[in-house]
$ cat entry-v2.cif   # mmCIF, C-alpha atoms and all ligand atoms
data_model
#
loop_
_atom_site.label_atom_id
_atom_site.label_comp_id
_atom_site.auth_asym_id
_atom_site.auth_seq_id
_atom_site.Cartn_x
_atom_site.Cartn_y
_atom_site.Cartn_z
CA MET A 937 0.00 0.00 0.00
CA THR A 938 1.27 3.48 -0.79
CA VAL A 939 -0.19 6.90 -0.08
CA GLU A 940 0.25 9.61 -2.71
CA ASN A 941 0.07 13.37 -2.07
CA PRO A 942 -1.44 13.25 1.44
CA ARG A 943 -2.73 16.61 2.63
CA MET A 944 -5.18 18.15 5.07
CA ARG A 945 -7.17 21.25 4.21
CA LEU A 946 -7.55 23.46 7.24
CA ILE A 947 -10.18 26.20 7.01
CA ILE A 948 -10.12 27.34 10.63
CA LYS A 949 -9.22 25.25 13.65
CA SER A 950 -12.75 25.31 15.04
CA ARG A 951 -14.08 23.50 11.98
CA PRO A 952 -13.45 19.96 10.75
CA ALA A 953 -10.60 19.64 8.23
CA GLY A 954 -10.73 17.46 5.13
CA GLY A 955 -8.03 14.90 4.37
CA TYR A 956 -7.18 14.06 0.76
CA PHE A 957 -4.82 11.53 -0.82
CA VAL A 958 -4.62 8.69 -3.31
CA LEU A 959 -4.32 5.19 -1.88
CA HIS A 960 -2.61 2.63 -4.09
CA ASN A 961 -3.07 -1.05 -3.43
CA ASN A 962 0.05 -2.70 -4.87
CA THR A 963 -0.92 -6.14 -3.62
CA ASP A 964 -2.65 -9.09 -5.30
CA ALA A 965 -5.63 -8.93 -2.91
CA PRO A 966 -8.36 -6.35 -2.37
CA VAL A 967 -8.11 -4.31 0.83
CA THR A 968 -10.68 -2.27 2.71
CA LEU A 969 -10.00 0.99 4.48
CA THR A 970 -12.16 1.05 7.61
CA GLY A 971 -11.04 4.18 9.40
CA ALA A 972 -8.29 6.53 10.47
CA SER A 973 -7.01 8.23 13.59
CA SER A 974 -4.55 10.94 14.53
CA ILE A 975 -3.27 12.70 17.60
CA ALA A 976 -3.82 15.89 15.55
CA CYS A 977 -7.54 15.34 15.03
CA GLY A 978 -9.52 14.27 18.04
CA SER A 979 -11.36 11.77 15.87
CA ILE A 980 -11.48 11.08 12.14
CA MET A 981 -14.51 10.00 10.14
CA LEU A 982 -14.68 8.55 6.63
CA HIS A 983 -16.94 10.75 4.54
CA GLN A 984 -18.25 10.78 1.01
CA SER A 985 -19.54 13.97 -0.57
CA LYS A 986 -22.62 13.37 -2.68
CA GLU A 987 -25.05 15.60 -4.48
CA VAL A 988 -28.52 15.06 -3.05
CA ASN A 989 -31.33 17.02 -4.74
CA GLY A 990 -28.81 19.52 -6.06
CA VAL A 991 -27.17 20.07 -2.67
CA GLU A 992 -23.73 18.68 -1.83
CA LYS A 993 -23.86 16.65 1.38
CA MET A 994 -21.20 14.75 3.30
CA LEU A 995 -22.31 11.30 4.30
CA PRO A 996 -20.44 9.00 6.69
CA VAL A 997 -19.20 5.76 5.14
CA LYS A 998 -18.13 2.63 7.02
CA SER A 999 -15.40 1.56 4.64
CA VAL A 1000 -13.76 2.19 1.29
CA PRO A 1001 -12.74 -0.81 -0.86
CA ILE A 1002 -9.56 -0.75 -2.92
CA PRO A 1003 -9.28 -3.51 -5.54
CA ALA A 1004 -6.10 -5.53 -6.05
CA HIS A 1005 -3.63 -3.34 -7.95
CA GLY A 1006 -6.23 -0.56 -7.82
CA THR A 1007 -6.50 2.87 -6.28
CA ALA A 1008 -8.96 4.83 -4.18
CA VAL A 1009 -9.01 8.59 -4.66
CA PHE A 1010 -9.84 10.85 -1.73
CA GLN A 1011 -10.63 14.30 -3.07
CA THR A 1012 -13.01 17.23 -2.74
CA GLY A 1013 -16.45 16.17 -3.93
CA GLY A 1014 -15.78 12.49 -3.18
CA TYR A 1015 -14.33 10.31 -0.47
CA HIS A 1016 -12.34 12.16 2.16
CA LEU A 1017 -11.16 11.95 5.74
CA MET A 1018 -12.86 14.32 8.14
CA CYS A 1019 -10.63 15.49 10.97
CA MET A 1020 -13.38 16.36 13.42
CA LYS A 1021 -11.46 18.35 15.97
CA PRO A 1022 -8.18 19.82 14.70
CA GLN A 1023 -5.63 20.09 17.51
CA SER A 1024 -2.94 22.71 18.03
CA THR A 1025 -0.40 20.68 16.01
CA MET A 1026 -2.62 21.11 12.94
CA THR A 1027 -0.77 24.12 11.56
CA ILE A 1028 -0.46 25.22 7.94
CA GLY A 1029 2.87 24.15 6.46
CA GLN A 1030 3.42 21.39 9.01
CA ASP A 1031 2.99 17.64 8.63
CA VAL A 1032 0.66 15.64 10.86
CA PRO A 1033 0.69 11.85 11.22
CA ILE A 1034 -2.50 10.06 10.15
CA VAL A 1035 -2.96 6.35 10.89
CA LEU A 1036 -5.00 4.50 8.26
CA LYS A 1037 -6.78 1.36 9.47
CA PHE A 1038 -7.73 -1.63 7.35
CA ALA A 1039 -10.25 -4.45 7.70
CA ASP A 1040 -7.49 -7.06 8.16
CA GLY A 1041 -6.27 -5.22 11.26
CA LYS A 1042 -3.22 -3.71 9.58
CA THR A 1043 -2.45 -0.01 9.90
CA MET A 1044 -0.16 2.38 8.12
CA THR A 1045 0.90 5.89 9.05
CA ALA A 1046 1.33 8.70 6.54
CA GLN A 1047 2.48 12.27 7.09
CA PHE A 1048 -0.19 14.67 5.81
CA ARG A 1049 0.88 18.19 4.85
CA VAL A 1050 -1.46 20.81 6.32
CA GLU A 1051 -2.69 23.29 3.71
CA GLY A 1052 -4.81 26.41 4.00
CA PRO A 1053 -8.32 26.90 2.58
CA SER A 1054 -7.14 27.47 -1.01
CA GLY A 1055 -4.73 24.56 -0.96
CA GLN A 1056 -1.53 26.59 -0.56
CU CU B 1101 -16.58 15.50 5.42
#
$ encode --input "entry-v2.cif" --output "structure tokens" --more "lines below"
Ligand SMILES: [Cu+2]
Amino acid sequence: MTVENPRMRLIIKSRPAGGYFVLHNNTDAPVTLTGASSIACGSIMLHQSKEVNGVEKMLPVKSVPIPAHGTAVFQTGGYHLMCMKPQSTMTIGQDVPIVLKFADGKTMTAQFRVEGPSGQ
């Protein structure tokens, strides 16, 4: 498994921050992302943005499947991590560690770069 371009988008610290990345499954078996956690976030939810009756809504999802040799894209308007309570270490320009959790019990940690509202 590899994580490409991991980043958090911080609007203001009192609001949840979105986490975006591309997850590559380089193995011969499908894997399922079931959650994430971070000391920088309080808690993290898996979300999917969907248009419902012309309004974009964020819905919680239990898991995200990644096929063998496939990818899952976490981006604005789609799947993303939701850092519910950004902590003081969540500072623009810094990296924060995010632990990704999988259905088989394995975890991996990636350093997410914290960006401002416009992605700088
Ligand atoms: Cu969200």
$ atom_distance --input "entry-v2.cif" --atom1 "CA of Gln1023 in chain A" --atom2 "CA of Gly1055 in chain A"
19.0 Å
$ atom_distance --input "entry-v2.cif" --atom1 "CA of Ala1004 in chain A" --atom2 "CA of Val967 in chain A"
7.3 Å
$ residues_around --input "entry-v2.cif" --residues "range 944-958 of chain A" --least-positions-apart "6" --cutoff "8 Å" --atoms "all atoms listed in the file" --output "list in words"
Thr1007, Ala1008, Val1009, Phe1010, Gln1011, Thr1012, His1016, Leu1017, Met1018, Cys1019, Met1020, Lys1021, Pro1022, Gln1023, Met1026, Ile1028, Phe1048, Arg1049, Val1050, Glu1051, Gly1052, Pro1053 and Gly1055 of chain A
$ closest_residue --input "entry-v2.cif" --among "A:His983, A:Leu959, A:Arg943, A:Ser1054" --to "Gly1006 in chain A" --atoms "all atoms listed in the file"
A:Leu959
$ closest_residue --input "entry-v2.cif" --among "A:Tyr1015, A:Gly971, A:Glu987, A:Asn962" --to "Gly1041 in chain A" --atoms "all atoms listed in the file"
A:Gly971
$ residues_around --input "entry-v2.cif" --residues "Thr963 in chain A" --least-positions-apart "3" --cutoff "8 Å" --atoms "only C-alpha atoms" --output "PyMOL selection string"
chain A and resi 937+966+1004-1005
$ closest_residue --input "entry-v2.cif" --among "A:Val939, A:Met1044, A:Met994, A:Ala972" --to "ligand CU 1101 (chain B)" --atoms "only C-alpha atoms and all ligand atoms"
A:Met994
$ closest_residue --input "entry-v2.cif" --among "A:Thr938, A:Gln1047, A:Ser1024, A:Gln984" --to "ligand CU 1101 (chain B)" --atoms "only C-alpha atoms and all ligand atoms"
A:Gln984
$ atom_distance --input "entry-v2.cif" --atom1 "CA of Lys986 in chain A" --atom2 "CA of Ser974 in chain A"
25.1 Å
